[in-house]
Each structure stands twice: as structure tokens, then as C-alpha cells.
Amino acid sequence: METNPTSDIRDPISASGGPLGAAVDWITDFGGVLIDWLIGLGDIAMFSLRTFGWLLGRLPRKETIIPNFYQIGVLSLPVVALTGTFIGMVLVVQSYVQFRSMHLEAKLGAVINMSLVRELGPVLAATMLAGRVGSAMAAELGTMRVTEQIDALVTMGANPIHYLVVPRFLGCLMLIPALTIMADFMGVAGAFFYAVYLLGIDSHHYLENSRHFVGNFDLFVGVFKSLFFGAAIAIIACYRGFNCNPGAEGVGRAATTAFVYSFVAILLLDLLLGIAMDGIYFALWPEAPKLF
Amino acid sequence: MVATATHISDSSGPLIQMEGVEIDFGRQRVLRDIDLTISRGKTLAVIGESGCGKTVLLKTIIGLLRPTRGLVRFDGRNLAELSERELTRQRIRFGFLFQQAALFDSMTIAQNIGFSLRQHTDKRVDEIRYIVLARLAEVGLPENILDKKPAELSGGMRKRVGLARALALEPEIMLYDEPTTGLDPIMSDVINELILSTRRQHPITSIVVTHDMRTAQKVADRVVMLYPLPRLRADEPQIIYDGPSDRIEQAADSRVSQFVRGEARERLMEMRQLNGR
């Protein structure tokens, strides 16, 4: 029997060996990685567009929305509240000695609450969501992919993006602001408790400095950023699940990469949105008070 | 066109036509120049060794995979030219029994069987329940499994629930992907009987992908045998048998008769030669 001619294609230059062959191999490999990366980027962009298309076209049924909202919102609340409390307390522990050495401990409330509301609250809530919900979503959808459940949905005339992705996307998008506010509140409360009751900082000055430097815009910035984090987590997790490789290893890898990519996306978006929102803030309020 | 399939004419006309279909996964070709016509009301079995492209063929027919070259016509319409909405409308004319049943893990058995009815009809909850119970009875399963999850059922029961789910919307075409794989001989025969009784009760066109010759001969009017591409010459057709199921044992091609008789000796020698042993 002859083998299929398409199954064995060898590059004559590469096959010849030597420095030229090695260089060609390196360029080929690099080009391959670059092309794969660009294809992946285009693919995830198309996936996002299809999700937005279905989101604007027709909302999913409530029996697909409610379980996802419960999973994403209600079940994430305790862990977000707990970690928020601890992060507030840790911030006080880490900052107190330095601030006291400069006799600025009364300003601690302003610095910690500003950090929590603008940065740590949203990033913490998003990280917990990516870890708890994002990787679970990728694993669940990945399992559905490898066991042909997604194919079964298609054969039964249901669009998997509409049926599986849109409810998860909506859940992440709509509930992450609530989780962020919970993380902010618990962080602020935890920090206040530790600073005032355990370290003996004067509560009046602590709160007065916070009130003076932390405004509604700061709270808005944190909540606004969280919307982008929620959208990124849902899209990345669902995309990784939909494009899962076969087998248990494929599902595990989808769950892991969903968290890693989501975390990188959260930090990248945080930086870009932080710069953009600061630009807007100082354009709107050029005489705004500065901390120091 | 390389493949020269012998088509069996049927007065009611073809329902599915594949013309020069080729499927590539990256640099690997799985199907080559497939010409196939499937007549209304008939049962076609597609047989062949593992990895020869049987499931790929089935998924191409329902539009889960798009041909790299060639076209698939369903009821005279080229699937590639249909909009997503129209393709969905055509897909619900099919029922698909997957190899591992592909039941939705997160749903109960009742929700699985009633899924298409909830998606595509305005039926009330009690009407859906009535149909679900009827389908469950049709495949010989008791009512008390309705609230169970798929993970609580045996492989044979899951296959039967999969069949009940596929039949919920009374499809015109049933596609069976390895319906008896992984089942004991008795349960395999139960599934074969269900395929036959489904055909008796509903005017259905069926395509059964299998490597089980008993299934192919028991349920099909016609059998098509695919051969794995890596072991074919470039000028050989991939369909090496296309004819009545009751005459496959007299096929002239030795590869067909070896497969039918389940003779492995020549295949083993060939594998050893390929591995250089």
C-alpha cells in the first residue's frame, strides 16, 4: 500500500541541515507561533462579536439565566467578603509602621480606602471571580465540548453561544459590580476595625481624611473597571471551554489557562483603565485635592 | 471524481446528496471525494475501521462540519448556502444519537428529552411531559428515571434516553453514531430492535454509522464501507463497497470480506510492515 502523499510534507532547505537549515527552522517556528497567536486573537474577537450579537438580538430564557446568576453572584459573595476583609486588615498592618515613622498615621484611612475602592476591591473581586467561576466555567464547557454535548445542542437547533455563553456573560457583567462593592465595603470595614480598635488610631481623623480624599468618582472608577473585568473573565473562560482539547488533560488545561489569561487580562485592563480614568478625573477637576 | 459509488436508485428521490466531499483537519485529510446519495425512507449503514471518517461523514451531513471541498445537499438545498437561521430550521428535521449519548449532565432525564420541545414549540408543561413519557415508553424505560441525572444511569439506559431525546420532535432523518458501541450483546440487540421499531413507527430515513456488522446487516437496506485514507492509493476511491446489506458477504473486494468476517491476520501483518517489524 502507498501512503497518502499529503501526510508527509518535508521542507527541502530545512531537511538539508546546517546553519541555514537551523535559521529557517527557527524563523518557521517563530512565524508559526506568531500566526497561531494572531489566529487565536482573531478567533476570540469573533467569539466576542457573536456573543454581543446574540446579547443584543435575543435574551436567553430565565431558566438558563437564574442558575448562572446564582453560581456567579450568590455563591461568590462569601469568599469575596472574606478576602476583602482580610486585604483591608493586611493593608493597615503593612502601612502602619511606615506612616507612623512619618507621623502620618491619621492619613492612613485616606490611603487605604482610596487603594481599596479604586484598585484592590475591583481587582480582588475580579480575581476571585476568575478563580472560582471562570475556571469552573471553562471546565464545564470544556467537558461539554469533549463529551459532544455542545454538538448535541447544535443538532437540536439551539445556538451554543446563545444558550451557554450569553447567560454566563450576563452573569459576570451584571454581578461583578455587586461583588466589587461588597469587597470594597468589607475591605474598608476590616481596615477601620484594625486601625481604630487594634492600633488605636483616632477614628475621627481616620474617617475625616477618608471622606476628604475618597469621593464618589473613586467608587465609580472601581465599579466601572469591574464591568470590563467581568466581561473579560466570561469571554476568556467560555472561549477556552469551547476550544478545549480532547480528554481530561484538555479540560484541566482549559480551566488553568482560563484563570491565567483572565488574570493577565484583569491586570492589563486595570492599568489601561487606571491611566484613562485618571486622565478624565484631572481633566474634569484640575484643582482636585492631592494626598500629599 | 475519484470515488465511483454505485448508487441504488429509489423512486422517492434522494434526500441527502454528497458531491465530491473532502474534509481536511489541518494537513490531515479524513474524507476524499465522497459521492453519496441517501434515499428517503431507507436505512443506510456506514461501516469501516476506526478512524476511517465515519463520524466525520455523519457530522458533515448535519452541518456540524463544513466540507473543505465539495457540497452536501439536503432536500435539494446546498447546506453551505443556508443562513444560520435556515440551517437551524433544517437541523431540527434531524435526530442525532451520539456515540456516548451526549446527554446534558446538568439536566434531569425529563429535561433532556423535553429540551427540543421547550426550544422549538409552544407546548405547555403538561403536554411536554406527556410526550416525554411517550418517548420514554417507546424506548422501554420506566417513568421513575425522569428526575434522575444522566450520571445515575447505565450506558445502555443513557443510549436509550439519547434515542428518546432524538425522537422527541419526530424527526424525518435519524443519524446514529455507533449506537451499539460499548454495550453488551443483549443491550446491542435491544438498540438494534429500537432502531427497527423506530423505523416501523415513524416514516424515517436513517443513517447508522457502525463497525458492528450485526447492526449493519440487521437494520440497514444498504451498506457503504469507507476505507482509511492513509492506507489507500491516491487513485483509489474511499468508498470500497456500496450495495445491499444482504450481499456484502459476497463482495469481490477482499478488504470488505475481511472486515465482514472480522479477520485480523492480514491487517496485523500490514501494521507490522508499516512499523518496520
# chains A, B, ... in the order shown; residues from 1 in each chain; ligands from 1
call {"tool": "select_by_dssp", "arguments": {"residues": "range 47-239 of chain B", "states": "strand (DSSP E or B)", "output": "list in words"}}
result
Ile47, Arg69, Gly70, Leu71, Val72, Arg73, Phe74, Arg77, Asn78, Phe94, Gly95, Phe96, Leu97, Ile173, Met174, Leu175, Tyr176, Asp177, Thr205, Ser206, Ile207, Val208, Val209, Arg222, Val223, Val224, Met225, Leu226 and Ile239 of chain B
call {"tool": "residues_around", "arguments": {"residues": "Val260 in chain B", "least_positions_apart": "2", "cutoff": "8 Å", "atoms": "only C-alpha atoms", "output": "tab-separated table (two decimals) with N, CA and C atoms, in the first residue's frame"}}
result
chain	number	residue	atom	x	y	z
B	213	MET	N	-20.90	-5.41	12.39
B	213	MET	CA	-21.55	-5.96	11.19
B	213	MET	C	-22.96	-6.46	11.46
B	248	ILE	N	-23.34	-8.10	1.15
B	248	ILE	CA	-21.98	-7.63	1.45
B	248	ILE	C	-21.01	-8.80	1.66
B	249	GLU	N	-21.54	-9.93	2.11
B	249	GLU	CA	-20.65	-11.07	2.34
B	249	GLU	C	-20.08	-11.64	1.04
B	256	VAL	N	-13.23	-5.84	2.00
B	256	VAL	CA	-14.60	-5.85	2.53
B	256	VAL	C	-14.88	-7.19	3.20
B	257	SER	N	-14.53	-8.27	2.53
B	257	SER	CA	-14.85	-9.59	3.11
B	257	SER	C	-14.04	-9.84	4.39
B	258	GLN	N	-12.80	-9.32	4.43
B	258	GLN	CA	-12.02	-9.44	5.68
B	258	GLN	C	-12.70	-8.71	6.82
B	262	GLY	N	-14.35	-10.26	10.07
B	262	GLY	CA	-13.57	-9.89	11.26
B	262	GLY	C	-12.21	-10.55	11.29
B	263	GLU	N	-11.59	-10.73	10.10
B	263	GLU	CA	-10.27	-11.38	10.04
B	263	GLU	C	-9.17	-10.34	10.24
call {"tool": "closest_atom_pairs", "arguments": {"of": "chain B", "to": "chain A", "cutoff": "10 Å", "atoms": "only C-alpha atoms", "output": "JSON lines"}}
result
{"residue": "B:Arg27", "atom": "CA", "partner": "A:Ser7", "partner_atom": "CA", "distance": 7.0}
{"residue": "B:Gln28", "atom": "CA", "partner": "A:Ser7", "partner_atom": "CA", "distance": 6.3}
{"residue": "B:Arg29", "atom": "CA", "partner": "A:Thr6", "partner_atom": "CA", "distance": 7.6}
{"residue": "B:Lys59", "atom": "CA", "partner": "A:Asp151", "partner_atom": "CA", "distance": 9.0}
{"residue": "B:Ile62", "atom": "CA", "partner": "A:Thr155", "partner_atom": "CA", "distance": 7.2}
{"residue": "B:Gly63", "atom": "CA", "partner": "A:Thr155", "partner_atom": "CA", "distance": 8.6}
{"residue": "B:Leu64", "atom": "CA", "partner": "A:Asp151", "partner_atom": "CA", "distance": 7.2}
{"residue": "B:Glu84", "atom": "CA", "partner": "A:Asn159", "partner_atom": "CA", "distance": 9.4}
{"residue": "B:Arg85", "atom": "CA", "partner": "A:Gly157", "partner_atom": "CA", "distance": 9.2}
{"residue": "B:Leu87", "atom": "CA", "partner": "A:Gly157", "partner_atom": "CA", "distance": 8.5}
{"residue": "B:Thr88", "atom": "CA", "partner": "A:Gly157", "partner_atom": "CA", "distance": 5.0}
{"residue": "B:Arg89", "atom": "CA", "partner": "A:Gly157", "partner_atom": "CA", "distance": 7.1}
{"residue": "B:Gln90", "atom": "CA", "partner": "A:Gly157", "partner_atom": "CA", "distance": 8.5}
{"residue": "B:Arg91", "atom": "CA", "partner": "A:Thr155", "partner_atom": "CA", "distance": 5.9}
{"residue": "B:Ile92", "atom": "CA", "partner": "A:Gly157", "partner_atom": "CA", "distance": 5.6}
{"residue": "B:Arg93", "atom": "CA", "partner": "A:Met156", "partner_atom": "CA", "distance": 9.0}
{"residue": "B:Phe94", "atom": "CA", "partner": "A:Thr155", "partner_atom": "CA", "distance": 7.4}
{"residue": "B:Gly95", "atom": "CA", "partner": "A:Thr155", "partner_atom": "CA", "distance": 7.4}
{"residue": "B:Phe96", "atom": "CA", "partner": "A:Thr155", "partner_atom": "CA", "distance": 6.8}
{"residue": "B:Leu97", "atom": "CA", "partner": "A:Ala152", "partner_atom": "CA", "distance": 8.7}
{"residue": "B:Phe98", "atom": "CA", "partner": "A:Glu148", "partner_atom": "CA", "distance": 7.6}
{"residue": "B:Gln99", "atom": "CA", "partner": "A:Glu148", "partner_atom": "CA", "distance": 8.9}
{"residue": "B:Gln100", "atom": "CA", "partner": "A:Thr147", "partner_atom": "CA", "distance": 7.4}
{"residue": "B:Ala101", "atom": "CA", "partner": "A:Glu148", "partner_atom": "CA", "distance": 8.5}
{"residue": "B:Ala102", "atom": "CA", "partner": "A:Gln149", "partner_atom": "CA", "distance": 4.9}
{"residue": "B:Leu103", "atom": "CA", "partner": "A:Gln149", "partner_atom": "CA", "distance": 6.5}
{"residue": "B:Phe104", "atom": "CA", "partner": "A:Gln149", "partner_atom": "CA", "distance": 6.2}
{"residue": "B:Asp105", "atom": "CA", "partner": "A:Met144", "partner_atom": "CA", "distance": 8.4}
{"residue": "B:Ser106", "atom": "CA", "partner": "A:Glu140", "partner_atom": "CA", "distance": 9.8}
{"residue": "B:Phe115", "atom": "CA", "partner": "A:Met156", "partner_atom": "CA", "distance": 8.2}
{"residue": "B:Ser116", "atom": "CA", "partner": "A:Met156", "partner_atom": "CA", "distance": 6.1}
{"residue": "B:Leu117", "atom": "CA", "partner": "A:Met156", "partner_atom": "CA", "distance": 9.7}
{"residue": "B:Gln119", "atom": "CA", "partner": "A:Ala158", "partner_atom": "CA", "distance": 7.3}
{"residue": "B:His120", "atom": "CA", "partner": "A:Gly157", "partner_atom": "CA", "distance": 8.1}
{"residue": "B:Gly162", "atom": "CA", "partner": "A:Ala152", "partner_atom": "CA", "distance": 10.0}
{"residue": "B:Arg165", "atom": "CA", "partner": "A:Met156", "partner_atom": "CA", "distance": 9.4}
{"residue": "B:Ala166", "atom": "CA", "partner": "A:Met156", "partner_atom": "CA", "distance": 8.1}
{"residue": "B:Leu169", "atom": "CA", "partner": "A:Met156", "partner_atom": "CA", "distance": 9.3}
{"residue": "B:Leu229", "atom": "CA", "partner": "A:Asn4", "partner_atom": "CA", "distance": 6.8}
{"residue": "B:Pro230", "atom": "CA", "partner": "A:Asn4", "partner_atom": "CA", "distance": 4.9}
{"residue": "B:Arg231", "atom": "CA", "partner": "A:Thr3", "partner_atom": "CA", "distance": 5.8}
{"residue": "B:Leu232", "atom": "CA", "partner": "A:Glu2", "partner_atom": "CA", "distance": 6.6}
{"residue": "B:Arg233", "atom": "CA", "partner": "A:Glu2", "partner_atom": "CA", "distance": 5.4}
{"residue": "B:Ala234", "atom": "CA", "partner": "A:Asn4", "partner_atom": "CA", "distance": 6.6}
{"residue": "B:Glu270", "atom": "CA", "partner": "A:Met1", "partner_atom": "CA", "distance": 8.8}
{"residue": "B:Leu274", "atom": "CA", "partner": "A:Met1", "partner_atom": "CA", "distance": 9.4}
call {"tool": "write_last_selection", "arguments": {"atoms": "N, CA and C atoms", "output": "short mmCIF file (atom, residue, chain, number, x, y, z; two decimals), in the first residue's frame"}}
result
data_model
loop_
_atom_site.label_atom_id
_atom_site.label_comp_id
_atom_site.auth_asym_id
_atom_site.auth_seq_id
_atom_site.Cartn_x
_atom_site.Cartn_y
_atom_site.Cartn_z
N ARG B 27 -3.48 19.54 8.10
CA ARG B 27 -2.84 18.93 6.93
C ARG B 27 -3.28 17.49 6.73
N GLN B 28 -4.16 17.03 7.61
CA GLN B 28 -4.61 15.64 7.51
C GLN B 28 -5.96 15.56 6.81
N ARG B 29 -6.01 14.79 5.74
CA ARG B 29 -7.28 14.60 5.03
C ARG B 29 -7.98 13.38 5.61
N LYS B 59 -21.27 13.93 10.79
CA LYS B 59 -21.30 15.32 11.27
C LYS B 59 -21.32 16.30 10.09
N ILE B 62 -25.05 16.70 8.83
CA ILE B 62 -25.93 17.59 9.62
C ILE B 62 -25.37 19.01 9.71
N GLY B 63 -24.22 19.25 9.08
CA GLY B 63 -23.67 20.61 9.05
C GLY B 63 -22.86 20.98 10.27
N LEU B 64 -22.48 19.99 11.10
CA LEU B 64 -21.59 20.30 12.23
C LEU B 64 -20.18 20.56 11.71
N GLU B 84 -27.56 30.89 8.96
CA GLU B 84 -27.53 30.18 10.24
C GLU B 84 -28.94 29.83 10.71
N ARG B 85 -29.87 30.77 10.50
CA ARG B 85 -31.26 30.55 10.93
C ARG B 85 -31.90 29.40 10.13
N LEU B 87 -30.27 27.05 8.52
CA LEU B 87 -29.58 25.80 8.84
C LEU B 87 -30.17 25.19 10.12
N THR B 88 -30.46 26.05 11.09
CA THR B 88 -31.07 25.59 12.34
C THR B 88 -32.44 24.97 12.05
N ARG B 89 -33.20 25.64 11.16
CA ARG B 89 -34.54 25.12 10.80
C ARG B 89 -34.43 23.73 10.15
N GLN B 90 -33.39 23.56 9.34
CA GLN B 90 -33.20 22.25 8.70
C GLN B 90 -32.71 21.20 9.71
N ARG B 91 -31.87 21.66 10.65
CA ARG B 91 -31.29 20.70 11.61
C ARG B 91 -32.36 20.06 12.48
N ILE B 92 -33.43 20.80 12.79
CA ILE B 92 -34.43 20.19 13.67
C ILE B 92 -35.28 19.15 12.93
N ARG B 93 -35.01 18.97 11.65
CA ARG B 93 -35.62 17.84 10.93
C ARG B 93 -34.82 16.55 11.17
N PHE B 94 -33.65 16.70 11.79
CA PHE B 94 -32.79 15.55 12.09
C PHE B 94 -32.93 15.16 13.56
N GLY B 95 -32.69 13.87 13.83
CA GLY B 95 -32.44 13.43 15.20
C GLY B 95 -31.05 12.82 15.19
N PHE B 96 -30.28 13.03 16.25
CA PHE B 96 -28.90 12.54 16.26
C PHE B 96 -28.65 11.78 17.55
N LEU B 97 -28.33 10.51 17.42
CA LEU B 97 -27.94 9.73 18.60
C LEU B 97 -26.41 9.66 18.64
N PHE B 98 -25.82 10.31 19.63
CA PHE B 98 -24.35 10.36 19.71
C PHE B 98 -23.78 9.07 20.30
N GLN B 99 -22.49 8.88 20.02
CA GLN B 99 -21.82 7.64 20.43
C GLN B 99 -21.93 7.42 21.94
N GLN B 100 -21.70 8.48 22.74
CA GLN B 100 -21.83 8.35 24.21
C GLN B 100 -23.12 9.00 24.70
N ALA B 101 -24.08 9.12 23.80
CA ALA B 101 -25.42 9.70 24.06
C ALA B 101 -25.41 11.22 24.21
N ALA B 102 -24.31 11.80 24.76
CA ALA B 102 -24.17 13.27 24.88
C ALA B 102 -25.37 13.90 25.59
N LEU B 103 -25.84 13.25 26.66
CA LEU B 103 -26.93 13.85 27.43
C LEU B 103 -26.38 15.04 28.22
N PHE B 104 -27.23 16.03 28.46
CA PHE B 104 -26.77 17.21 29.20
C PHE B 104 -26.68 16.86 30.69
N ASP B 105 -25.43 16.90 31.21
CA ASP B 105 -25.16 16.48 32.59
C ASP B 105 -25.98 17.25 33.63
N SER B 106 -26.15 18.55 33.35
CA SER B 106 -26.77 19.41 34.36
C SER B 106 -28.29 19.28 34.39
N PHE B 115 -36.02 18.84 25.91
CA PHE B 115 -35.25 20.04 25.53
C PHE B 115 -35.71 20.65 24.21
N SER B 116 -35.79 19.83 23.16
CA SER B 116 -36.16 20.35 21.83
C SER B 116 -37.59 20.89 21.84
N LEU B 117 -38.45 20.24 22.60
CA LEU B 117 -39.85 20.68 22.65
C LEU B 117 -39.96 22.06 23.30
N GLN B 119 -37.53 24.25 23.31
CA GLN B 119 -36.84 25.21 22.45
C GLN B 119 -37.66 25.62 21.23
N HIS B 120 -38.36 24.65 20.65
CA HIS B 120 -38.93 24.89 19.31
C HIS B 120 -40.45 24.81 19.23
N GLY B 162 -30.93 8.90 25.05
CA GLY B 162 -30.45 9.67 23.90
C GLY B 162 -31.35 9.48 22.70
N ARG B 165 -34.61 11.29 23.32
CA ARG B 165 -34.41 12.72 23.12
C ARG B 165 -34.36 13.07 21.62
N ALA B 166 -33.67 12.21 20.86
CA ALA B 166 -33.55 12.47 19.42
C ALA B 166 -34.91 12.36 18.73
N LEU B 169 -38.89 15.40 18.72
CA LEU B 169 -39.54 16.30 17.76
C LEU B 169 -40.01 15.56 16.50
N LEU B 229 -7.99 6.61 4.71
CA LEU B 229 -7.22 7.23 3.62
C LEU B 229 -5.72 6.92 3.63
N PRO B 230 -5.06 6.90 4.80
CA PRO B 230 -3.61 6.67 4.77
C PRO B 230 -3.23 5.33 4.15
N ARG B 231 -4.19 4.39 4.08
CA ARG B 231 -3.86 3.07 3.53
C ARG B 231 -4.39 2.89 2.11
N LEU B 232 -4.82 3.98 1.50
CA LEU B 232 -5.31 3.90 0.12
C LEU B 232 -4.31 4.55 -0.83
N ARG B 233 -4.29 4.06 -2.07
CA ARG B 233 -3.51 4.75 -3.10
C ARG B 233 -4.28 6.02 -3.49
N ALA B 234 -3.56 6.98 -4.06
CA ALA B 234 -4.18 8.27 -4.40
C ALA B 234 -5.31 8.13 -5.41
N GLU B 270 0.09 -6.24 7.95
CA GLU B 270 0.25 -4.93 7.31
C GLU B 270 0.75 -3.89 8.30
N LEU B 274 4.26 -1.78 8.28
CA LEU B 274 4.30 -0.31 8.37
C LEU B 274 5.21 0.14 9.50
#
call {"tool": "closest_residue", "arguments": {"among": "A:Leu91, A:Met182, A:Leu272, A:Ile233", "to": "Ala126 in chain A", "atoms": "only C-alpha atoms"}}
result
A:Ile233
call {"tool": "closest_atom_pairs", "arguments": {"of": "range 103-126 of chain B", "to": "range 141-148 of chain B", "cutoff": "10 Å", "atoms": "only C-alpha atoms", "output": "CSV"}}
result
residue,atom,partner,partner_atom,distance
B:Met107,CA,B:Lys148,CA,8.6
B:Thr108,CA,B:Asp147,CA,5.3
B:Ile109,CA,B:Leu146,CA,5.0
B:Ala110,CA,B:Leu146,CA,4.8
B:Gln111,CA,B:Leu146,CA,8.2
B:Asn112,CA,B:Leu146,CA,9.3
B:Ile113,CA,B:Leu146,CA,9.2
call {"tool": "residues_around", "arguments": {"residues": "Leu227 in chain A", "least_positions_apart": "5", "cutoff": "8 Å", "atoms": "only C-alpha atoms", "output": "ChimeraX atom specification"}}
result
/A:173-174,176-177
